[in-house]
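input.pdb (PDB, C-alpha atoms) appears below.
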```pdb
MODEL        1
ATOM      1  CA  MET A  54      65.898  57.081 -56.429
ATOM      2  CA  THR A  55      63.688  57.207 -53.313
ATOM      3  CA  ILE A  56      65.437  57.171 -49.951
ATOM      4  CA  ALA A  57      63.602  54.630 -47.786
ATOM      5  CA  ILE A  58      65.627  55.073 -44.571
ATOM      6  CA  ASP A  59      67.423  58.293 -43.711
ATOM      7  CA  VAL A  60      69.134  58.408 -40.305
ATOM      8  CA  GLN A  61      70.543  61.791 -39.311
ATOM      9  CA  SER A  62      72.855  62.237 -36.293
ATOM     10  CA  LEU A  63      70.784  59.921 -34.115
ATOM     11  CA  HIS A  64      71.634  59.911 -30.394
ATOM     12  CA  LYS A  65      70.349  57.876 -27.454
ATOM     13  CA  SER A  66      71.591  58.145 -23.882
ATOM     14  CA  PHE A  67      70.517  56.337 -20.751
ATOM     15  CA  GLY A  68      71.905  58.556 -18.014
ATOM     16  CA  ASP A  69      75.682  58.452 -18.369
ATOM     17  CA  LEU A  70      75.500  55.594 -20.908
ATOM     18  CA  HIS A  71      75.678  56.922 -24.480
ATOM     19  CA  ALA A  72      74.337  53.934 -26.409
ATOM     20  CA  VAL A  73      74.104  55.680 -29.801
ATOM     21  CA  GLN A  74      76.290  58.674 -30.624
ATOM     22  CA  GLY A  75      75.423  60.560 -33.791
ATOM     23  CA  ALA A  76      74.607  57.600 -36.049
ATOM     24  CA  SER A  77      73.950  58.564 -39.685
ATOM     25  CA  PHE A  78      73.245  56.335 -42.696
ATOM     26  CA  LYS A  79      70.832  55.968 -45.620
ATOM     27  CA  ALA A  80      69.193  53.154 -47.560
ATOM     28  CA  ASN A  81      67.583  53.580 -50.961
ATOM     29  CA  SER A  82      64.230  52.022 -51.707
ATOM     30  CA  GLY A  83      64.626  48.385 -52.791
ATOM     31  CA  GLU A  84      68.011  47.905 -51.102
ATOM     32  CA  ILE A  85      69.288  45.664 -48.325
ATOM     33  CA  LEU A  86      71.321  47.663 -45.827
ATOM     34  CA  SER A  87      73.166  45.704 -43.157
ATOM     35  CA  LEU A  88      74.013  47.331 -39.855
ATOM     36  CA  LEU A  89      77.103  45.335 -38.879
ATOM     37  CA  GLY A  90      78.830  45.411 -35.513
ATOM     38  CA  PRO A  91      79.647  43.429 -32.376
ATOM     39  CA  ASN A  92      77.197  42.858 -29.541
ATOM     40  CA  GLY A  93      76.774  46.116 -27.634
ATOM     41  CA  ALA A  94      77.611  48.322 -30.627
ATOM     42  CA  GLY A  95      74.239  50.107 -30.463
ATOM     43  CA  LYS A  96      72.497  48.321 -33.342
ATOM     44  CA  SER A  97      69.377  47.259 -31.420
ATOM     45  CA  THR A  98      69.055  50.667 -29.757
ATOM     46  CA  THR A  99      69.236  52.303 -33.179
ATOM     47  CA  ILE A 100      66.450  50.197 -34.651
ATOM     48  CA  SER A 101      64.375  50.622 -31.488
ATOM     49  CA  MET A 102      64.426  54.350 -32.241
ATOM     50  CA  LEU A 103      63.583  53.769 -35.907
ATOM     51  CA  SER A 104      60.624  51.576 -34.990
ATOM     52  CA  GLY A 105      59.237  53.954 -32.357
ATOM     53  CA  LEU A 106      60.038  51.890 -29.264
ATOM     54  CA  LEU A 107      62.532  54.481 -27.978
ATOM     55  CA  ALA A 108      62.509  58.244 -28.369
ATOM     56  CA  PRO A 109      65.836  59.648 -29.608
ATOM     57  CA  THR A 110      67.824  61.854 -27.262
ATOM     58  CA  GLY A 111      68.904  63.823 -30.321
ATOM     59  CA  GLY A 112      68.808  63.737 -34.106
ATOM     60  CA  ASP A 113      66.071  62.285 -36.283
ATOM     61  CA  ALA A 114      65.335  59.590 -38.846
ATOM     62  CA  HIS A 115      62.870  59.304 -41.706
ATOM     63  CA  ILE A 116      61.121  56.133 -42.900
ATOM     64  CA  MET A 117      59.692  56.556 -46.411
ATOM     65  CA  GLY A 118      59.866  60.306 -45.872
ATOM     66  CA  HIS A 119      58.157  60.313 -42.451
ATOM     67  CA  SER A 120      60.021  61.617 -39.390
ATOM     68  CA  VAL A 121      60.140  59.168 -36.480
ATOM     69  CA  THR A 122      60.030  62.113 -34.064
ATOM     70  CA  LYS A 123      57.405  64.309 -35.755
ATOM     71  CA  GLU A 124      55.282  61.720 -37.617
ATOM     72  CA  PRO A 125      55.782  58.518 -35.608
ATOM     73  CA  GLU A 126      52.504  56.872 -36.633
ATOM     74  CA  ALA A 127      53.099  57.427 -40.353
ATOM     75  CA  ALA A 128      56.681  56.179 -40.009
ATOM     76  CA  LYS A 129      55.554  53.042 -38.167
ATOM     77  CA  ALA A 130      52.838  52.344 -40.754
ATOM     78  CA  SER A 131      55.567  51.892 -43.389
ATOM     79  CA  LEU A 132      57.484  49.406 -41.246
ATOM     80  CA  GLY A 133      57.511  45.732 -40.470
ATOM     81  CA  VAL A 134      59.744  44.884 -37.511
ATOM     82  CA  VAL A 135      61.268  41.492 -36.710
ATOM     83  CA  PRO A 136      62.526  41.800 -33.121
ATOM     84  CA  GLN A 137      65.462  39.843 -31.748
ATOM     85  CA  ASP A 138      63.188  38.286 -29.121
ATOM     86  CA  ILE A 139      60.388  35.960 -30.219
ATOM     87  CA  ALA A 140      57.054  37.834 -30.106
ATOM     88  CA  LEU A 141      54.643  34.903 -30.466
ATOM     89  CA  TYR A 142      52.064  33.017 -28.408
ATOM     90  CA  PRO A 143      53.375  29.468 -27.800
ATOM     91  CA  ASP A 144      49.899  27.979 -27.193
ATOM     92  CA  LEU A 145      48.628  29.164 -30.575
ATOM     93  CA  SER A 146      49.385  27.546 -33.915
ATOM     94  CA  ALA A 147      51.496  29.228 -36.577
ATOM     95  CA  ARG A 148      48.342  30.195 -38.483
ATOM     96  CA  GLU A 149      46.625  31.504 -35.351
ATOM     97  CA  ASN A 150      49.661  33.616 -34.456
ATOM     98  CA  LEU A 151      49.786  35.120 -37.941
ATOM     99  CA  ALA A 152      46.019  35.730 -37.942
ATOM    100  CA  PHE A 153      46.302  37.519 -34.589
ATOM    101  CA  TRP A 154      49.037  39.833 -35.821
ATOM    102  CA  GLY A 155      47.207  40.348 -39.115
ATOM    103  CA  LYS A 156      44.178  41.616 -37.192
ATOM    104  CA  MET A 157      46.449  43.949 -35.244
ATOM    105  CA  TYR A 158      47.439  45.422 -38.629
ATOM    106  CA  GLY A 159      43.763  45.849 -39.557
ATOM    107  CA  LEU A 160      43.324  42.853 -41.857
ATOM    108  CA  ARG A 161      39.963  41.065 -41.742
ATOM    109  CA  GLY A 162      37.954  38.340 -43.436
ATOM    110  CA  ALA A 163      39.042  36.967 -46.812
ATOM    111  CA  ALA A 164      41.924  39.445 -47.119
ATOM    112  CA  LEU A 165      43.367  38.191 -43.825
ATOM    113  CA  LYS A 166      43.049  34.512 -44.818
ATOM    114  CA  ILE A 167      44.662  35.094 -48.209
ATOM    115  CA  ARG A 168      47.566  37.037 -46.706
ATOM    116  CA  VAL A 169      48.184  34.447 -43.963
ATOM    117  CA  ASP A 170      48.259  31.751 -46.669
ATOM    118  CA  GLU A 171      50.788  33.795 -48.654
ATOM    119  CA  VAL A 172      53.020  34.424 -45.646
ATOM    120  CA  LEU A 173      52.980  30.750 -44.616
ATOM    121  CA  GLU A 174      54.298  29.920 -48.092
ATOM    122  CA  ILE A 175      56.947  32.647 -47.887
ATOM    123  CA  ILE A 176      58.316  31.347 -44.576
ATOM    124  CA  GLY A 177      58.046  27.697 -45.668
ATOM    125  CA  LEU A 178      55.698  26.544 -42.896
ATOM    126  CA  ALA A 179      52.436  25.900 -44.735
ATOM    127  CA  ASP A 180      52.710  22.196 -43.856
ATOM    128  CA  ARG A 181      53.117  23.014 -40.137
ATOM    129  CA  GLN A 182      50.555  25.809 -39.914
ATOM    130  CA  LYS A 183      48.267  23.971 -37.464
ATOM    131  CA  ASP A 184      51.039  23.029 -35.006
ATOM    132  CA  HIS A 185      51.493  25.009 -31.803
ATOM    133  CA  VAL A 186      54.432  27.397 -32.020
ATOM    134  CA  GLY A 187      55.606  26.228 -28.584
ATOM    135  CA  LYS A 188      56.574  22.899 -30.188
ATOM    136  CA  PHE A 189      58.659  24.524 -32.917
ATOM    137  CA  SER A 190      62.454  24.685 -33.042
ATOM    138  CA  GLY A 191      64.129  28.045 -32.480
ATOM    139  CA  GLY A 192      64.635  28.475 -36.208
ATOM    140  CA  MET A 193      60.999  27.777 -37.021
ATOM    141  CA  LYS A 194      59.851  30.257 -34.371
ATOM    142  CA  ARG A 195      62.046  32.901 -35.935
ATOM    143  CA  ARG A 196      60.497  32.199 -39.336
ATOM    144  CA  VAL A 197      57.007  32.766 -37.893
ATOM    145  CA  ASN A 198      58.379  35.920 -36.222
ATOM    146  CA  ILE A 199      59.472  37.140 -39.652
ATOM    147  CA  GLY A 200      56.106  36.217 -41.155
ATOM    148  CA  ALA A 201      54.267  38.381 -38.624
ATOM    149  CA  ALA A 202      56.201  41.436 -39.831
ATOM    150  CA  LEU A 203      55.235  40.811 -43.469
ATOM    151  CA  LEU A 204      51.460  40.554 -43.121
ATOM    152  CA  HIS A 205      50.675  44.185 -43.971
ATOM    153  CA  LYS A 206      53.127  44.267 -46.909
ATOM    154  CA  PRO A 207      55.342  47.020 -45.461
ATOM    155  CA  ALA A 208      57.640  49.084 -47.661
ATOM    156  CA  VAL A 209      60.511  48.608 -45.187
ATOM    157  CA  VAL A 210      61.330  45.609 -42.990
ATOM    158  CA  ILE A 211      63.751  45.835 -40.064
ATOM    159  CA  MET A 212      65.288  42.542 -38.934
ATOM    160  CA  ASP A 213      67.242  42.535 -35.678
ATOM    161  CA  GLU A 214      69.763  39.648 -35.574
ATOM    162  CA  PRO A 215      67.224  37.141 -37.007
ATOM    163  CA  THR A 216      69.676  34.217 -37.248
ATOM    164  CA  VAL A 217      71.179  34.269 -33.746
ATOM    165  CA  GLY A 218      71.152  30.880 -32.044
ATOM    166  CA  ILE A 219      69.461  28.852 -34.762
ATOM    167  CA  ASP A 220      70.437  25.778 -36.768
ATOM    168  CA  PRO A 221      72.244  26.135 -40.129
ATOM    169  CA  GLN A 222      69.246  24.947 -42.173
ATOM    170  CA  SER A 223      66.911  27.541 -40.656
ATOM    171  CA  ARG A 224      69.593  30.201 -41.019
ATOM    172  CA  ARG A 225      69.921  29.413 -44.716
ATOM    173  CA  HIS A 226      66.144  29.580 -45.119
ATOM    174  CA  ILE A 227      65.992  33.013 -43.461
ATOM    175  CA  LEU A 228      68.826  34.424 -45.593
ATOM    176  CA  ASP A 229      67.103  33.155 -48.739
ATOM    177  CA  ASN A 230      63.835  34.736 -47.491
ATOM    178  CA  VAL A 231      65.577  38.090 -47.110
ATOM    179  CA  LYS A 232      66.895  37.911 -50.670
ATOM    180  CA  GLU A 233      63.498  36.900 -52.052
ATOM    181  CA  LEU A 234      61.683  39.710 -50.240
ATOM    182  CA  ASN A 235      64.213  42.189 -51.568
ATOM    183  CA  GLN A 236      63.799  40.874 -55.100
ATOM    184  CA  GLN A 237      60.087  41.626 -54.705
ATOM    185  CA  GLY A 238      60.971  45.265 -54.026
ATOM    186  CA  MET A 239      61.069  45.383 -50.234
ATOM    187  CA  THR A 240      63.696  47.504 -48.476
ATOM    188  CA  VAL A 241      65.424  45.598 -45.668
ATOM    189  CA  LEU A 242      67.470  46.940 -42.753
ATOM    190  CA  TYR A 243      69.297  43.887 -41.417
ATOM    191  CA  THR A 244      71.327  44.006 -38.208
ATOM    192  CA  THR A 245      73.968  41.357 -37.613
ATOM    193  CA  HIS A 246      77.352  40.675 -36.057
ATOM    194  CA  TYR A 247      78.050  37.974 -38.665
ATOM    195  CA  MET A 248      80.234  39.565 -41.334
ATOM    196  CA  GLU A 249      79.540  36.748 -43.829
ATOM    197  CA  GLU A 250      75.799  37.533 -43.706
ATOM    198  CA  ALA A 251      76.414  41.226 -44.337
ATOM    199  CA  ALA A 252      78.750  40.402 -47.226
ATOM    200  CA  GLU A 253      76.260  38.006 -48.830
ATOM    201  CA  LEU A 254      73.085  40.037 -48.463
ATOM    202  CA  SER A 255      73.863  43.713 -48.646
ATOM    203  CA  HIS A 256      73.815  46.418 -51.261
ATOM    204  CA  HIS A 257      75.331  48.708 -48.602
ATOM    205  CA  ILE A 258      76.817  48.081 -45.157
ATOM    206  CA  ALA A 259      77.052  50.451 -42.195
ATOM    207  CA  ILE A 260      79.659  49.310 -39.664
ATOM    208  CA  MET A 261      78.815  50.307 -36.099
ATOM    209  CA  ASP A 262      80.979  50.233 -32.974
ATOM    210  CA  LYS A 263      80.561  51.798 -29.536
ATOM    211  CA  GLY A 264      77.420  53.653 -30.578
ATOM    212  CA  LYS A 265      78.901  55.210 -33.718
ATOM    213  CA  VAL A 266      78.700  54.424 -37.427
ATOM    214  CA  ILE A 267      82.380  54.252 -38.299
ATOM    215  CA  ALA A 268      82.075  53.340 -42.005
ATOM    216  CA  HIS A 269      79.330  53.125 -44.641
ATOM    217  CA  GLY A 270      79.496  51.878 -48.215
ATOM    218  CA  THR A 271      79.260  48.888 -50.520
ATOM    219  CA  HIS A 272      81.183  45.740 -49.678
ATOM    220  CA  ALA A 273      83.769  46.594 -52.320
ATOM    221  CA  GLU A 274      84.127  50.182 -51.085
ATOM    222  CA  LEU A 275      84.713  49.029 -47.510
ATOM    223  CA  ILE A 276      87.308  46.443 -48.556
ATOM    224  CA  LYS A 277      89.200  49.174 -50.443
ATOM    225  CA  MET A 278      89.684  50.983 -47.132
ATOM    226  CA  VAL A 279      92.348  48.454 -46.108
ATOM    227  CA  GLY A 280      94.172  48.617 -49.444
ATOM    228  CA  GLU A 281      96.671  45.801 -49.807
ATOM    229  CA  GLN A 282      96.638  44.824 -46.143
ATOM    230  CA  THR A 283      96.185  41.152 -45.271
ATOM    231  CA  ARG A 284      94.784  39.479 -42.156
ATOM    232  CA  ILE A 285      96.802  36.742 -40.442
ATOM    233  CA  ASP A 286      95.239  34.515 -37.777
ATOM    234  CA  VAL A 287      97.851  32.904 -35.529
ATOM    235  CA  THR A 288      97.380  30.312 -32.750
ATOM    236  CA  LEU A 289      99.958  30.158 -29.952
ATOM    237  CA  ASN A 290     100.975  27.638 -27.304
ATOM    238  CA  ALA A 291     101.201  30.369 -24.656
ATOM    239  CA  GLU A 292      99.363  33.427 -23.388
ATOM    240  CA  ALA A 293      99.196  35.956 -26.224
ATOM    241  CA  GLU A 294      99.877  38.870 -23.850
ATOM    242  CA  LYS A 295     103.445  37.605 -23.533
ATOM    243  CA  ILE A 296     104.202  38.623 -27.103
ATOM    244  CA  LEU A 297     101.563  41.162 -28.192
ATOM    245  CA  ASP A 298     103.570  44.300 -27.424
ATOM    246  CA  ALA A 299     106.587  42.989 -29.320
ATOM    247  CA  TRP A 300     104.426  42.073 -32.321
ATOM    248  CA  ARG A 301     102.683  45.462 -32.289
ATOM    249  CA  ALA A 302     106.102  47.079 -32.587
ATOM    250  CA  THR A 303     107.061  44.880 -35.553
ATOM    251  CA  GLU A 304     107.552  46.745 -38.832
ATOM    252  CA  GLY A 305     104.639  46.106 -41.204
ATOM    253  CA  VAL A 306     102.042  45.303 -38.512
ATOM    254  CA  ALA A 307      99.118  47.744 -38.877
ATOM    255  CA  GLY A 308      96.845  46.307 -36.170
ATOM    256  CA  ILE A 309      96.635  43.390 -33.768
ATOM    257  CA  ASP A 310      94.121  41.797 -31.390
ATOM    258  CA  SER A 311      93.909  38.569 -29.383
ATOM    259  CA  LEU A 312      91.357  36.274 -27.761
ATOM    260  CA  ASP A 313      91.819  32.855 -26.129
ATOM    261  CA  GLY A 314      95.301  32.239 -27.523
ATOM    262  CA  LYS A 315      94.372  33.322 -31.050
ATOM    263  CA  VAL A 316      96.005  36.461 -32.424
ATOM    264  CA  THR A 317      94.602  38.367 -35.392
ATOM    265  CA  ALA A 318      97.100  40.668 -37.106
ATOM    266  CA  LEU A 319      96.619  43.134 -39.948
ATOM    267  CA  VAL A 320      99.825  43.396 -41.970
ATOM    268  CA  ASP A 321     101.103  45.255 -45.029
ATOM    269  CA  ASP A 322     102.837  42.275 -46.635
ATOM    270  CA  SER A 323     102.447  38.787 -45.153
ATOM    271  CA  ASN A 324     105.506  37.468 -46.998
ATOM    272  CA  ARG A 325     107.737  40.030 -45.290
ATOM    273  CA  VAL A 326     106.001  40.287 -41.899
ATOM    274  CA  LEU A 327     105.328  36.637 -41.096
ATOM    275  CA  PRO A 328     109.041  35.661 -40.752
ATOM    276  CA  ARG A 329     109.477  38.615 -38.369
ATOM    277  CA  LEU A 330     106.586  37.374 -36.229
ATOM    278  CA  PHE A 331     108.119  33.875 -36.098
ATOM    279  CA  ASP A 332     111.526  35.306 -35.173
ATOM    280  CA  THR A 333     110.070  37.446 -32.364
ATOM    281  CA  ALA A 334     108.039  34.487 -31.041
ATOM    282  CA  SER A 335     111.129  32.283 -30.999
ATOM    283  CA  ARG A 336     113.099  34.863 -29.014
ATOM    284  CA  GLN A 337     110.218  35.173 -26.529
ATOM    285  CA  GLY A 338     109.978  31.384 -26.100
ATOM    286  CA  VAL A 339     106.520  31.245 -27.696
ATOM    287  CA  ARG A 340     105.624  28.610 -30.294
ATOM    288  CA  ILE A 341     103.241  29.361 -33.162
ATOM    289  CA  THR A 342     101.032  26.287 -33.651
ATOM    290  CA  SER A 343      98.992  27.417 -36.667
ATOM    291  CA  VAL A 344      98.857  30.227 -39.219
ATOM    292  CA  ASP A 345      95.927  31.181 -41.460
ATOM    293  CA  ILE A 346      96.391  33.953 -44.043
ATOM    294  CA  GLN A 347      93.132  35.602 -45.136
ATOM    295  CA  GLU A 348      92.374  37.943 -47.999
ATOM    296  CA  PRO A 349      90.886  41.275 -46.877
ATOM    297  CA  ASN A 350      87.273  40.965 -45.690
ATOM    298  CA  LEU A 351      84.877  42.858 -43.429
ATOM    299  CA  GLU A 352      86.667  41.643 -40.305
ATOM    300  CA  THR A 353      89.865  43.070 -41.747
ATOM    301  CA  VAL A 354      88.056  46.380 -42.223
ATOM    302  CA  PHE A 355      86.789  46.335 -38.640
ATOM    303  CA  LEU A 356      90.281  45.569 -37.318
ATOM    304  CA  HIS A 357      91.697  48.356 -39.492
ATOM    305  CA  LEU A 358      89.163  50.866 -38.123
ATOM    306  CA  THR A 359      89.116  49.865 -34.449
ATOM    307  CA  GLY A 360      92.249  47.873 -33.715
ATOM    308  CA  ARG A 361      90.022  45.002 -32.593
ATOM    309  CA  ALA A 362      88.668  41.931 -34.373
ATOM    310  CA  LEU A 363      84.926  41.673 -35.014
ATOM    311  CA  ARG A 364      83.792  38.877 -32.718
ATOM    312  CA  ASP A 365      80.582  37.809 -31.010
TER     313      ASP A 365
ENDMDL
END
```
For the structure just supplied, provide its representation as structure tokens.
Amino acid sequence: MTIAIDVQSLHKSFGDLHAVQGASFKANSGEILSLLGPNGAGKSTTISMLSGLLAPTGGDAHIMGHSVTKEPEAAKASLGVVPQDIALYPDLSARENLAFWGKMYGLRGAALKIRVDEVLEIIGLADRQKDHVGKFSGGMKRRVNIGAALLHKPAVVIMDEPTVGIDPQSRRHILDNVKELNQQGMTVLYTTHYMEEAAELSHHIAIMDKGKVIAHGTHAELIKMVGEQTRIDVTLNAEAEKILDAWRATEGVAGIDSLDGKVTALVDDSNRVLPRLFDTASRQGVRITSVDIQEPNLETVFLHLTGRALRD
């Protein structure tokens, strides 16, 4: 099987800030690989190096066999990139924007018109093709942004957080687009901090935190890392800091984190541990107002690996 993306000990530093620290992962041709992690994990810096926008401080990566450091033009020719920021002209229509970017990729004449027509159908905006992009919703702009990256039929598409800040309908449309493109044989590198997107889309997932890839595998392989551990989400009527240390010391608690009065705990056996948490809370004068027991998922994996919950 052909390796479409091969990242090898990639580093990027900005002075004393080490944004990416030895990231390594691979994606086979025809796969969707999600790069999952919180904001600031180094995901966007990593794909900026893959797409040629930033030069690595160390390491290398290959796109369809081409080194991004030694053969940058050949590597970029295999790529379509959907940036996190909208890269469109608001005073041009959807068709005019796509035609502009198509010409930048070298398309001309009838071939350009045919491909723009195809892309408008793919992104579901054929009926709005003459409208100025500046009048579009955020979700529609992102769909045109995706379309621009598809015009030259790249072997690999990189999508950087394409569903951030958009409405649920547009988000659903984009996720379905990603699946359809993959079914047509396209390799997709998809960055996100939404674990449900990574779980739904991906053949493989690379979890990134603080500039490092801390786990890489299929969804099932990652879930196996936490074994029989269960996640419990608890809401309190008091500041969580009042009780966190006592709960961390409770037998059976493998990890714990809190934010805004909500505590997320990773436990070995919820039936045994939950009564202990209630007993400790009662002795500390803290009331538990809600409890939600979750089966292991990618957030459980992240908590297991880092001691922190995966949040925006």
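Residues in contact with A:Gln337 at 12 Å, where all atoms listed in the file are counted and same-chain residues fewer than 3 positions away are skipped, are listed as Leu289, Asn290, Ala291, Glu292, Ala293, Glu294, Lys295, Ile296, Leu297, Asp298, Ala299, Trp300, Leu330, Phe331, Asp332, Thr333, Ala334, Arg340 and Ile341 of chain A.
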Go ahead and save the picked residues with C-alpha atoms, as a PDB file, in the coordinates of the input.
```pdb
ATOM      1  CA  LEU A 289      99.958  30.158 -29.952  1.00  0.00           C
ATOM      2  CA  ASN A 290     100.975  27.638 -27.304  1.00  0.00           C
ATOM      3  CA  ALA A 291     101.201  30.369 -24.656  1.00  0.00           C
ATOM      4  CA  GLU A 292      99.363  33.427 -23.388  1.00  0.00           C
ATOM      5  CA  ALA A 293      99.196  35.956 -26.224  1.00  0.00           C
ATOM      6  CA  GLU A 294      99.877  38.870 -23.850  1.00  0.00           C
ATOM      7  CA  LYS A 295     103.445  37.605 -23.533  1.00  0.00           C
ATOM      8  CA  ILE A 296     104.202  38.623 -27.103  1.00  0.00           C
ATOM      9  CA  LEU A 297     101.563  41.162 -28.192  1.00  0.00           C
ATOM     10  CA  ASP A 298     103.570  44.300 -27.424  1.00  0.00           C
ATOM     11  CA  ALA A 299     106.587  42.989 -29.320  1.00  0.00           C
ATOM     12  CA  TRP A 300     104.426  42.073 -32.321  1.00  0.00           C
ATOM     13  CA  LEU A 330     106.586  37.374 -36.229  1.00  0.00           C
ATOM     14  CA  PHE A 331     108.119  33.875 -36.098  1.00  0.00           C
ATOM     15  CA  ASP A 332     111.526  35.306 -35.173  1.00  0.00           C
ATOM     16  CA  THR A 333     110.070  37.446 -32.364  1.00  0.00           C
ATOM     17  CA  ALA A 334     108.039  34.487 -31.041  1.00  0.00           C
ATOM     18  CA  ARG A 340     105.624  28.610 -30.294  1.00  0.00           C
ATOM     19  CA  ILE A 341     103.241  29.361 -33.162  1.00  0.00           C
TER      20      ILE A 341
END
```
Open item on the list: Starting from the PyMOL selection byres ((chain A and resi 116-119) around 6), expand the selection into actual residues of this file and give them as a PyMOL selection string.
Closed with: chain A and resi 57-58+115+120+124+128
Task: Residues matched by the PyMOL selection byres ((chain A and resi 238) around 10) as a PyMOL selection string - done: chain A and resi 82-84+208-209+233-237+239-241
Since we have the selection now, will you write its residues out, keeping C-alpha atoms, as an mmCIF file, in the coordinates of the input?
```cif
data_model
loop_
_atom_site.group_PDB
_atom_site.id
_atom_site.type_symbol
_atom_site.label_atom_id
_atom_site.label_comp_id
_atom_site.auth_asym_id
_atom_site.auth_seq_id
_atom_site.Cartn_x
_atom_site.Cartn_y
_atom_site.Cartn_z
ATOM 1 C CA SER A 82 64.230 52.022 -51.707
ATOM 2 C CA GLY A 83 64.626 48.385 -52.791
ATOM 3 C CA GLU A 84 68.011 47.905 -51.102
ATOM 4 C CA ALA A 208 57.640 49.084 -47.661
ATOM 5 C CA VAL A 209 60.511 48.608 -45.187
ATOM 6 C CA GLU A 233 63.498 36.900 -52.052
ATOM 7 C CA LEU A 234 61.683 39.710 -50.240
ATOM 8 C CA ASN A 235 64.213 42.189 -51.568
ATOM 9 C CA GLN A 236 63.799 40.874 -55.100
ATOM 10 C CA GLN A 237 60.087 41.626 -54.705
ATOM 11 C CA MET A 239 61.069 45.383 -50.234
ATOM 12 C CA THR A 240 63.696 47.504 -48.476
ATOM 13 C CA VAL A 241 65.424 45.598 -45.668
#
```
Can you translate the PyMOL selection byres ((chain A and resi 279) around 9) into the concrete residues it hits in this file, as a short mmCIF file (atom, residue, chain, number, x, y, z; two decimals) with C-alpha atoms, in the frame of the given file?
```cif
data_model
loop_
_atom_site.label_atom_id
_atom_site.label_comp_id
_atom_site.auth_asym_id
_atom_site.auth_seq_id
_atom_site.Cartn_x
_atom_site.Cartn_y
_atom_site.Cartn_z
CA LEU A 275 84.71 49.03 -47.51
CA ILE A 276 87.31 46.44 -48.56
CA LYS A 277 89.20 49.17 -50.44
CA MET A 278 89.68 50.98 -47.13
CA GLY A 280 94.17 48.62 -49.44
CA GLU A 281 96.67 45.80 -49.81
CA GLN A 282 96.64 44.82 -46.14
CA THR A 283 96.18 41.15 -45.27
CA PRO A 349 90.89 41.28 -46.88
CA THR A 353 89.86 43.07 -41.75
CA VAL A 354 88.06 46.38 -42.22
CA HIS A 357 91.70 48.36 -39.49
CA LEU A 358 89.16 50.87 -38.12
#
```
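Nearest to A:Gly314 of all the residues A:His226, A:Val287, A:Glu171, A:Leu151 is A:Val287, based on all atoms listed in the file.
Comparing the minimum interatomic distances between A:Gln182 and each of A:Lys166, A:Ser335, A:Glu149, A:Arg161, counting all atoms listed in the file, we find that A:Glu149 sits nearest.
Taking only C-alpha atoms into account, A:Glu348 lies nearest to A:Asp286 out of the set A:Asp286, A:Arg168, A:Arg361, A:Gly192.
For the residues A:Ile267, A:Val172, A:Leu254, A:Ala202, ranking by smallest atom-to-atom distance to A:Lys129 using all atoms listed in the file places A:Ala202 first.
Counting from atom CA of A:Phe189, the distance to atom CA of A:Leu106 is 27.6 Å.
Shortest separation to A:Thr244 among A:Gly95, A:Gly264, A:Gly133, A:Gly218 occurs at residue A:Gly95, atoms counted being all atoms listed in the file.
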Open item on the list: Set the distance at 12 Å and use all atoms listed in the file: which residues neighbour A:Asp213 once local chain neighbours fewer than 2 positions away are removed? I'd like the list as a ChimeraX atom specification.
Closed with: /A:87-90,92,95-101,103-104,133-139,195,198-199,202,210-211,215-217,241-246
Please produce a file of the residues just selected, as an mmCIF file, keeping the file's coordinate frame, where the atoms kept are C-alpha atoms.
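Below you can see part.cif, which holds the result:
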```
data_model
loop_
_atom_site.group_PDB
_atom_site.id
_atom_site.type_symbol
_atom_site.label_atom_id
_atom_site.label_comp_id
_atom_site.auth_asym_id
_atom_site.auth_seq_id
_atom_site.Cartn_x
_atom_site.Cartn_y
_atom_site.Cartn_z
ATOM 1 C CA SER A 87 73.166 45.704 -43.157
ATOM 2 C CA LEU A 88 74.013 47.331 -39.855
ATOM 3 C CA LEU A 89 77.103 45.335 -38.879
ATOM 4 C CA GLY A 90 78.830 45.411 -35.513
ATOM 5 C CA ASN A 92 77.197 42.858 -29.541
ATOM 6 C CA GLY A 95 74.239 50.107 -30.463
ATOM 7 C CA LYS A 96 72.497 48.321 -33.342
ATOM 8 C CA SER A 97 69.377 47.259 -31.420
ATOM 9 C CA THR A 98 69.055 50.667 -29.757
ATOM 10 C CA THR A 99 69.236 52.303 -33.179
ATOM 11 C CA ILE A 100 66.450 50.197 -34.651
ATOM 12 C CA SER A 101 64.375 50.622 -31.488
ATOM 13 C CA LEU A 103 63.583 53.769 -35.907
ATOM 14 C CA SER A 104 60.624 51.576 -34.990
ATOM 15 C CA GLY A 133 57.511 45.732 -40.470
ATOM 16 C CA VAL A 134 59.744 44.884 -37.511
ATOM 17 C CA VAL A 135 61.268 41.492 -36.710
ATOM 18 C CA PRO A 136 62.526 41.800 -33.121
ATOM 19 C CA GLN A 137 65.462 39.843 -31.748
ATOM 20 C CA ASP A 138 63.188 38.286 -29.121
ATOM 21 C CA ILE A 139 60.388 35.960 -30.219
ATOM 22 C CA ARG A 195 62.046 32.901 -35.935
ATOM 23 C CA ASN A 198 58.379 35.920 -36.222
ATOM 24 C CA ILE A 199 59.472 37.140 -39.652
ATOM 25 C CA ALA A 202 56.201 41.436 -39.831
ATOM 26 C CA VAL A 210 61.330 45.609 -42.990
ATOM 27 C CA ILE A 211 63.751 45.835 -40.064
ATOM 28 C CA PRO A 215 67.224 37.141 -37.007
ATOM 29 C CA THR A 216 69.676 34.217 -37.248
ATOM 30 C CA VAL A 217 71.179 34.269 -33.746
ATOM 31 C CA VAL A 241 65.424 45.598 -45.668
ATOM 32 C CA LEU A 242 67.470 46.940 -42.753
ATOM 33 C CA TYR A 243 69.297 43.887 -41.417
ATOM 34 C CA THR A 244 71.327 44.006 -38.208
ATOM 35 C CA THR A 245 73.968 41.357 -37.613
ATOM 36 C CA HIS A 246 77.352 40.675 -36.057
#
```
